[in-house]
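Asks: Contents of run09.pdb (PDB, C-alpha atoms):
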```pdb
ATOM      1  CA  MET C  25      54.361  49.883 -48.888
ATOM      2  CA  ARG C  26      55.210  46.185 -48.850
ATOM      3  CA  ALA C  27      52.058  45.254 -50.803
ATOM      4  CA  ASN C  28      52.993  43.542 -54.062
ATOM      5  CA  THR C  29      50.090  41.181 -54.788
ATOM      6  CA  ILE C  30      46.849  41.578 -56.729
ATOM      7  CA  PHE C  31      43.994  39.225 -55.803
ATOM      8  CA  TYR C  32      41.277  39.168 -58.437
ATOM      9  CA  THR C  33      38.052  37.150 -58.373
ATOM     10  CA  ALA C  34      36.778  36.529 -61.881
ATOM     11  CA  PRO C  35      33.141  37.640 -62.136
ATOM     12  CA  ALA C  36      30.526  35.073 -63.090
ATOM     13  CA  ASP C  37      29.226  37.350 -65.829
ATOM     14  CA  ARG C  38      30.978  39.514 -68.408
ATOM     15  CA  ALA C  39      34.614  38.925 -67.509
ATOM     16  CA  THR C  40      35.585  40.438 -70.867
ATOM     17  CA  LYS C  41      37.553  43.326 -69.359
ATOM     18  CA  LEU C  42      39.831  41.145 -67.233
ATOM     19  CA  SER C  43      43.176  42.548 -68.417
ATOM     20  CA  GLY C  44      41.892  46.126 -68.122
ATOM     21  CA  GLN C  45      40.665  45.517 -64.576
ATOM     22  CA  LEU C  46      44.001  43.950 -63.605
ATOM     23  CA  ARG C  47      45.854  46.939 -65.098
ATOM     24  CA  VAL C  48      43.672  49.322 -63.077
ATOM     25  CA  LEU C  49      44.517  47.397 -59.889
ATOM     26  CA  GLY C  50      48.223  47.455 -60.739
ATOM     27  CA  THR C  51      48.075  51.184 -61.463
ATOM     28  CA  GLN C  52      46.241  51.884 -58.196
ATOM     29  CA  LEU C  53      48.884  49.971 -56.234
ATOM     30  CA  GLU C  54      51.737  51.805 -57.978
ATOM     31  CA  SER C  55      50.032  55.206 -57.579
ATOM     32  CA  ALA C  56      49.318  54.663 -53.882
ATOM     33  CA  LYS C  57      52.966  53.827 -53.236
ATOM     34  CA  HIS C  58      54.137  56.825 -55.251
ATOM     35  CA  ASP C  59      51.765  59.216 -53.462
ATOM     36  CA  TYR C  60      52.967  57.912 -50.117
ATOM     37  CA  GLU C  61      56.642  58.356 -51.014
ATOM     38  CA  GLU C  62      56.413  61.685 -52.792
ATOM     39  CA  ASN C  63      55.189  64.787 -50.998
ATOM     40  CA  ALA C  64      56.671  67.599 -53.085
ATOM     41  CA  GLU C  65      54.259  68.872 -55.750
ATOM     42  CA  GLU C  66      56.967  69.545 -58.350
ATOM     43  CA  GLU C  67      58.236  65.977 -58.017
ATOM     44  CA  LYS C  68      54.707  64.738 -58.641
ATOM     45  CA  ASP C  69      54.460  66.900 -61.764
ATOM     46  CA  ASN C  70      57.612  65.308 -63.198
ATOM     47  CA  TYR C  71      56.554  61.778 -62.337
ATOM     48  CA  GLN C  72      56.978  59.189 -65.098
ATOM     49  CA  PHE C  73      54.566  56.254 -64.984
ATOM     50  CA  PRO C  74      56.773  53.104 -65.048
ATOM     51  CA  GLY C  75      54.110  50.566 -66.073
ATOM     52  CA  PHE C  76      50.929  48.843 -65.010
ATOM     53  CA  PHE C  77      52.615  46.113 -62.967
ATOM     54  CA  SER C  78      55.849  47.776 -61.844
ATOM     55  CA  GLU C  79      54.949  47.224 -58.168
ATOM     56  CA  VAL C  80      53.370  43.785 -58.624
ATOM     57  CA  ASP C  81      55.208  40.512 -57.952
ATOM     58  CA  LEU C  82      52.179  38.223 -57.870
ATOM     59  CA  ILE C  83      48.688  38.092 -59.386
ATOM     60  CA  ILE C  84      46.216  35.571 -57.961
ATOM     61  CA  VAL C  85      43.105  34.962 -60.073
ATOM     62  CA  ASP C  86      40.312  33.086 -58.318
ATOM     63  CA  GLU C  87      37.253  31.457 -59.929
ATOM     64  CA  VAL C  88      39.100  30.910 -63.227
ATOM     65  CA  ASP C  89      36.368  28.428 -64.140
ATOM     66  CA  TRP C  90      34.349  31.461 -65.315
ATOM     67  CA  LEU C  91      37.015  32.576 -67.794
ATOM     68  CA  LYS C  92      36.977  32.008 -71.541
ATOM     69  CA  ILE C  93      39.896  31.419 -73.911
ATOM     70  CA  GLN C  94      40.378  35.146 -74.592
ATOM     71  CA  HIS C  95      40.770  35.777 -70.854
ATOM     72  CA  PHE C  96      43.431  33.085 -70.553
ATOM     73  CA  GLU C  97      45.187  34.696 -73.519
ATOM     74  CA  GLN C  98      45.092  38.064 -71.704
ATOM     75  CA  LEU C  99      46.591  36.446 -68.592
ATOM     76  CA  ARG C 100      49.302  34.786 -70.689
ATOM     77  CA  GLU C 101      50.160  38.150 -72.236
ATOM     78  CA  ILE C 102      50.369  39.837 -68.818
ATOM     79  CA  TYR C 103      52.577  37.008 -67.568
ATOM     80  CA  ASP C 104      54.875  37.162 -70.612
ATOM     81  CA  GLU C 105      55.266  40.948 -70.574
ATOM     82  CA  ASN C 106      55.932  41.382 -66.855
ATOM     83  CA  ASN C 107      58.347  39.905 -64.358
ATOM     84  CA  LEU C 108      55.699  38.469 -62.037
ATOM     85  CA  ALA C 109      54.170  35.216 -60.836
ATOM     86  CA  LEU C 110      50.625  34.153 -61.665
ATOM     87  CA  ILE C 111      48.443  31.786 -59.634
ATOM     88  CA  LEU C 112      45.173  30.493 -61.087
ATOM     89  CA  VAL C 113      42.637  29.064 -58.635
ATOM     90  CA  GLY C 114      39.726  26.946 -59.797
ATOM     91  CA  MET C 115      37.603  23.924 -59.110
ATOM     92  CA  PRO C 116      38.796  20.337 -59.656
ATOM     93  CA  GLY C 117      39.184  19.624 -63.370
ATOM     94  CA  ILE C 118      40.459  23.108 -64.281
ATOM     95  CA  GLU C 119      43.915  21.689 -65.076
ATOM     96  CA  LYS C 120      42.424  19.433 -67.779
ATOM     97  CA  ARG C 121      40.632  22.432 -69.285
ATOM     98  CA  LEU C 122      43.804  24.544 -69.247
ATOM     99  CA  SER C 123      45.736  21.751 -70.992
ATOM    100  CA  ARG C 124      43.655  22.495 -74.111
ATOM    101  CA  TYR C 125      45.372  25.914 -74.348
ATOM    102  CA  PRO C 126      49.029  25.018 -75.048
ATOM    103  CA  GLN C 127      50.186  28.663 -75.208
ATOM    104  CA  LEU C 128      49.183  29.112 -71.557
ATOM    105  CA  TYR C 129      49.583  25.560 -70.310
ATOM    106  CA  SER C 130      53.244  25.428 -71.389
ATOM    107  CA  ARG C 131      53.923  28.202 -68.877
ATOM    108  CA  ILE C 132      52.326  26.417 -65.900
ATOM    109  CA  GLY C 133      55.088  25.439 -63.492
ATOM    110  CA  SER C 134      53.002  23.235 -61.226
ATOM    111  CA  ALA C 135      49.437  22.281 -60.441
ATOM    112  CA  HIS C 136      48.234  21.432 -56.956
ATOM    113  CA  GLU C 137      44.908  19.904 -56.020
ATOM    114  CA  PHE C 138      43.821  20.724 -52.488
ATOM    115  CA  SER C 139      42.141  17.925 -50.599
ATOM    116  CA  ALA C 140      39.405  18.491 -48.037
ATOM    117  CA  LEU C 141      40.553  19.692 -44.631
ATOM    118  CA  SER C 142      40.574  17.152 -41.819
ATOM    119  CA  LYS C 143      38.243  17.713 -38.866
ATOM    120  CA  ASP C 144      41.147  19.044 -36.754
ATOM    121  CA  GLU C 145      42.274  21.375 -39.549
ATOM    122  CA  THR C 146      38.718  22.611 -39.996
ATOM    123  CA  HIS C 147      38.419  23.296 -36.249
ATOM    124  CA  HIS C 148      41.696  25.243 -36.375
ATOM    125  CA  ILE C 149      40.506  27.331 -39.345
ATOM    126  CA  LEU C 150      37.148  28.003 -37.686
ATOM    127  CA  GLU C 151      38.813  29.203 -34.489
ATOM    128  CA  PHE C 152      40.896  31.569 -36.594
ATOM    129  CA  LYS C 153      37.812  32.796 -38.519
ATOM    130  CA  TRP C 154      35.944  33.447 -35.233
ATOM    131  CA  GLU C 155      38.907  35.470 -33.937
ATOM    132  CA  GLU C 156      39.161  37.333 -37.246
ATOM    133  CA  LEU C 157      35.614  38.586 -36.588
ATOM    134  CA  GLY C 158      36.619  39.579 -33.053
ATOM    135  CA  LEU C 159      34.585  36.781 -31.485
ATOM    136  CA  PRO C 160      36.295  34.212 -29.258
ATOM    137  CA  VAL C 161      34.985  30.706 -29.969
ATOM    138  CA  LYS C 162      34.106  28.689 -26.872
ATOM    139  CA  MET C 163      33.483  25.031 -27.627
ATOM    140  CA  GLU C 164      32.068  24.559 -24.128
ATOM    141  CA  ASP C 165      29.368  27.065 -25.089
ATOM    142  CA  PHE C 166      26.615  24.924 -26.645
ATOM    143  CA  SER C 167      25.653  27.694 -29.086
ATOM    144  CA  ASP C 168      29.231  27.957 -30.440
ATOM    145  CA  TYR C 169      29.540  24.161 -30.547
ATOM    146  CA  LYS C 170      26.326  23.849 -32.606
ATOM    147  CA  ALA C 171      27.430  26.616 -34.999
ATOM    148  CA  VAL C 172      30.846  24.976 -35.527
ATOM    149  CA  THR C 173      29.216  21.584 -36.097
ATOM    150  CA  LYS C 174      26.805  23.129 -38.627
ATOM    151  CA  ILE C 175      29.650  24.835 -40.532
ATOM    152  CA  ILE C 176      31.631  21.576 -40.658
ATOM    153  CA  LYS C 177      28.570  19.764 -42.025
ATOM    154  CA  ILE C 178      27.887  22.449 -44.654
ATOM    155  CA  THR C 179      31.460  22.880 -45.873
ATOM    156  CA  ASN C 180      32.708  19.290 -45.556
ATOM    157  CA  GLY C 181      36.287  20.556 -45.158
ATOM    158  CA  ASN C 182      36.218  22.735 -48.300
ATOM    159  CA  PHE C 183      38.486  25.668 -47.464
ATOM    160  CA  ARG C 184      37.158  27.941 -50.215
ATOM    161  CA  LEU C 185      33.591  27.296 -49.097
ATOM    162  CA  ILE C 186      34.526  28.117 -45.487
ATOM    163  CA  GLN C 187      35.978  31.422 -46.712
ATOM    164  CA  ARG C 188      32.875  32.257 -48.760
ATOM    165  CA  LEU C 189      30.559  31.251 -45.900
ATOM    166  CA  PHE C 190      32.401  33.473 -43.414
ATOM    167  CA  THR C 191      32.210  36.426 -45.780
ATOM    168  CA  GLN C 192      28.421  36.049 -45.624
ATOM    169  CA  ILE C 193      28.434  35.438 -41.856
ATOM    170  CA  ASP C 194      30.380  38.669 -41.331
ATOM    171  CA  ARG C 195      27.893  40.566 -43.514
ATOM    172  CA  ILE C 196      24.898  39.111 -41.646
ATOM    173  CA  LEU C 197      26.396  39.935 -38.243
ATOM    174  CA  GLU C 198      27.056  43.512 -39.334
ATOM    175  CA  ILE C 199      23.653  44.092 -40.942
ATOM    176  CA  ASN C 200      21.785  42.703 -37.934
ATOM    177  CA  ASN C 201      24.064  44.172 -35.249
ATOM    178  CA  LEU C 202      24.804  40.700 -33.851
ATOM    179  CA  THR C 203      27.794  39.629 -31.761
ATOM    180  CA  THR C 204      27.335  35.852 -31.797
ATOM    181  CA  ILE C 205      27.556  33.276 -34.571
ATOM    182  CA  THR C 206      24.567  30.996 -34.114
ATOM    183  CA  VAL C 207      23.175  28.116 -36.174
ATOM    184  CA  GLU C 208      20.527  30.522 -37.491
ATOM    185  CA  VAL C 209      23.234  32.960 -38.695
ATOM    186  CA  VAL C 210      25.113  30.087 -40.359
ATOM    187  CA  GLU C 211      21.932  28.889 -42.102
ATOM    188  CA  VAL C 212      21.114  32.369 -43.410
ATOM    189  CA  ALA C 213      24.717  32.677 -44.666
ATOM    190  CA  ARG C 214      24.455  29.267 -46.341
ATOM    191  CA  ASP C 215      21.174  30.194 -48.009
ATOM    192  CA  SER C 216      22.805  33.287 -49.542
ATOM    193  CA  LEU C 217      25.388  31.100 -51.284
ATOM    194  CA  VAL C 218      24.800  28.861 -54.275
ATOM    195  CA  ILE C 219      26.492  25.732 -52.957
ATOM    196  CA  GLY C 220      24.045  22.971 -53.719
ATOM    197  CA  ILE C 221      23.589  21.884 -50.102
ATOM    198  CA  LYS C 222      20.243  21.540 -48.406
TER     199      LYS C 222
END
```
Let's see the structure in the file written out as structure tokens.

Replies:
Amino acid sequence: MRANTIFYTAPADRATKLSGQLRVLGTQLESAKHDYEENAEEEKDNYQFPGFFSEVDLIIVDEVDWLKIQHFEQLREIYDENNLALILVGMPGIEKRLSRYPQLYSRIGSAHEFSALSKDETHHILEFKWEELGLPVKMEDFSDYKAVTKIIKITNGNFRLIQRLFTQIDRILEINNLTTITVEVVEVARDSLVIGIK
């Protein structure tokens, strides 16, 4: 019931229906809350739909590098018509590209460039990611140590890449019924991503 955020990853192909997809997500969030609160059938029958983003305070759009001008215009329209915050996440240089669209850029409150994580920060994140998968990381275990070292080498402190890599690691563990993250698992996960690292 406290959910108030939409996280949307822009697809690499055919992102033309961005505003429609965001409206569907907003509607699903609003409907789920309404269904939870209302149990009486007659109250449901009299229900008035308040709007696509009535329950949304924040929309986060990732991979905005894939978007075209019409998509940014759709995001600007959603931002202007609703009382919500909008976060756009992209690769370095996206701010320069957005500056070419004054209608949207004039609404940007701040831009923040994330630097690479330090080695200690990366270790902390990796411990958390291991625990998130229900696997305690043991640095004294040579297998865990090698896997951590491999991930650090592959990601070079890039938080988004760590996130993407662990999504693949989780999938590989599940598909293969594995309970340990090994160097081999990390390499298979890396190979399933297009990250330009050999």

Asks: Which residues, named as in the file, does the PyMOL selection byres ((chain C and resi 193-202) around 12) pick out? Answer as a PyMOL selection string.

Replies: chain C and resi 153-159+171+175+186-192+203-217

Asks: Give me, please, the distance in Å between atom CA of C:Asn107 and atom CA of C:Thr29, quoted to one decimal.

Replies: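 Rounded to one decimal, the two atoms are 12.7 Å apart.
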
Asks: Could you name the residues that touch C:Ile83 at 10 Å or less, counting all atoms listed in the file, but leaving out those on the same chain fewer than 2 positions away, as a ChimeraX atom specification?

Replies: /C:28-32,46,50,77,80-81,85-86,99,102-103,108-112

Asks: Please indicate the distance in Å from atom CA of C:Gly114 to atom CA of C:Glu54, rounded to one decimal place.

Replies: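 Computed distance, atom CA of C:Gly114 to atom CA of C:Glu54, equals 27.7 Å.
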
Asks: So what does the PyMOL selection byres ((chain C and resi 128) around 12) actually pick up in this one, as a count of residues only?

Replies: 27

Asks: I'd like the contact shell of C:Glu87 - 8 Å cut-off, all atoms listed in the file, skipping same-chain residues fewer than 4 positions apart - returned as number ranges by chain.

Replies: C: 33-35, 91, 113-115

Asks: With distances taken over all atoms listed in the file, which residue among C:Thr51, C:Lys57, C:Ser43, C:Leu141 lies nearest C:Arg26?

Replies: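 For C:Arg26, the nearest of the candidates is C:Lys57.
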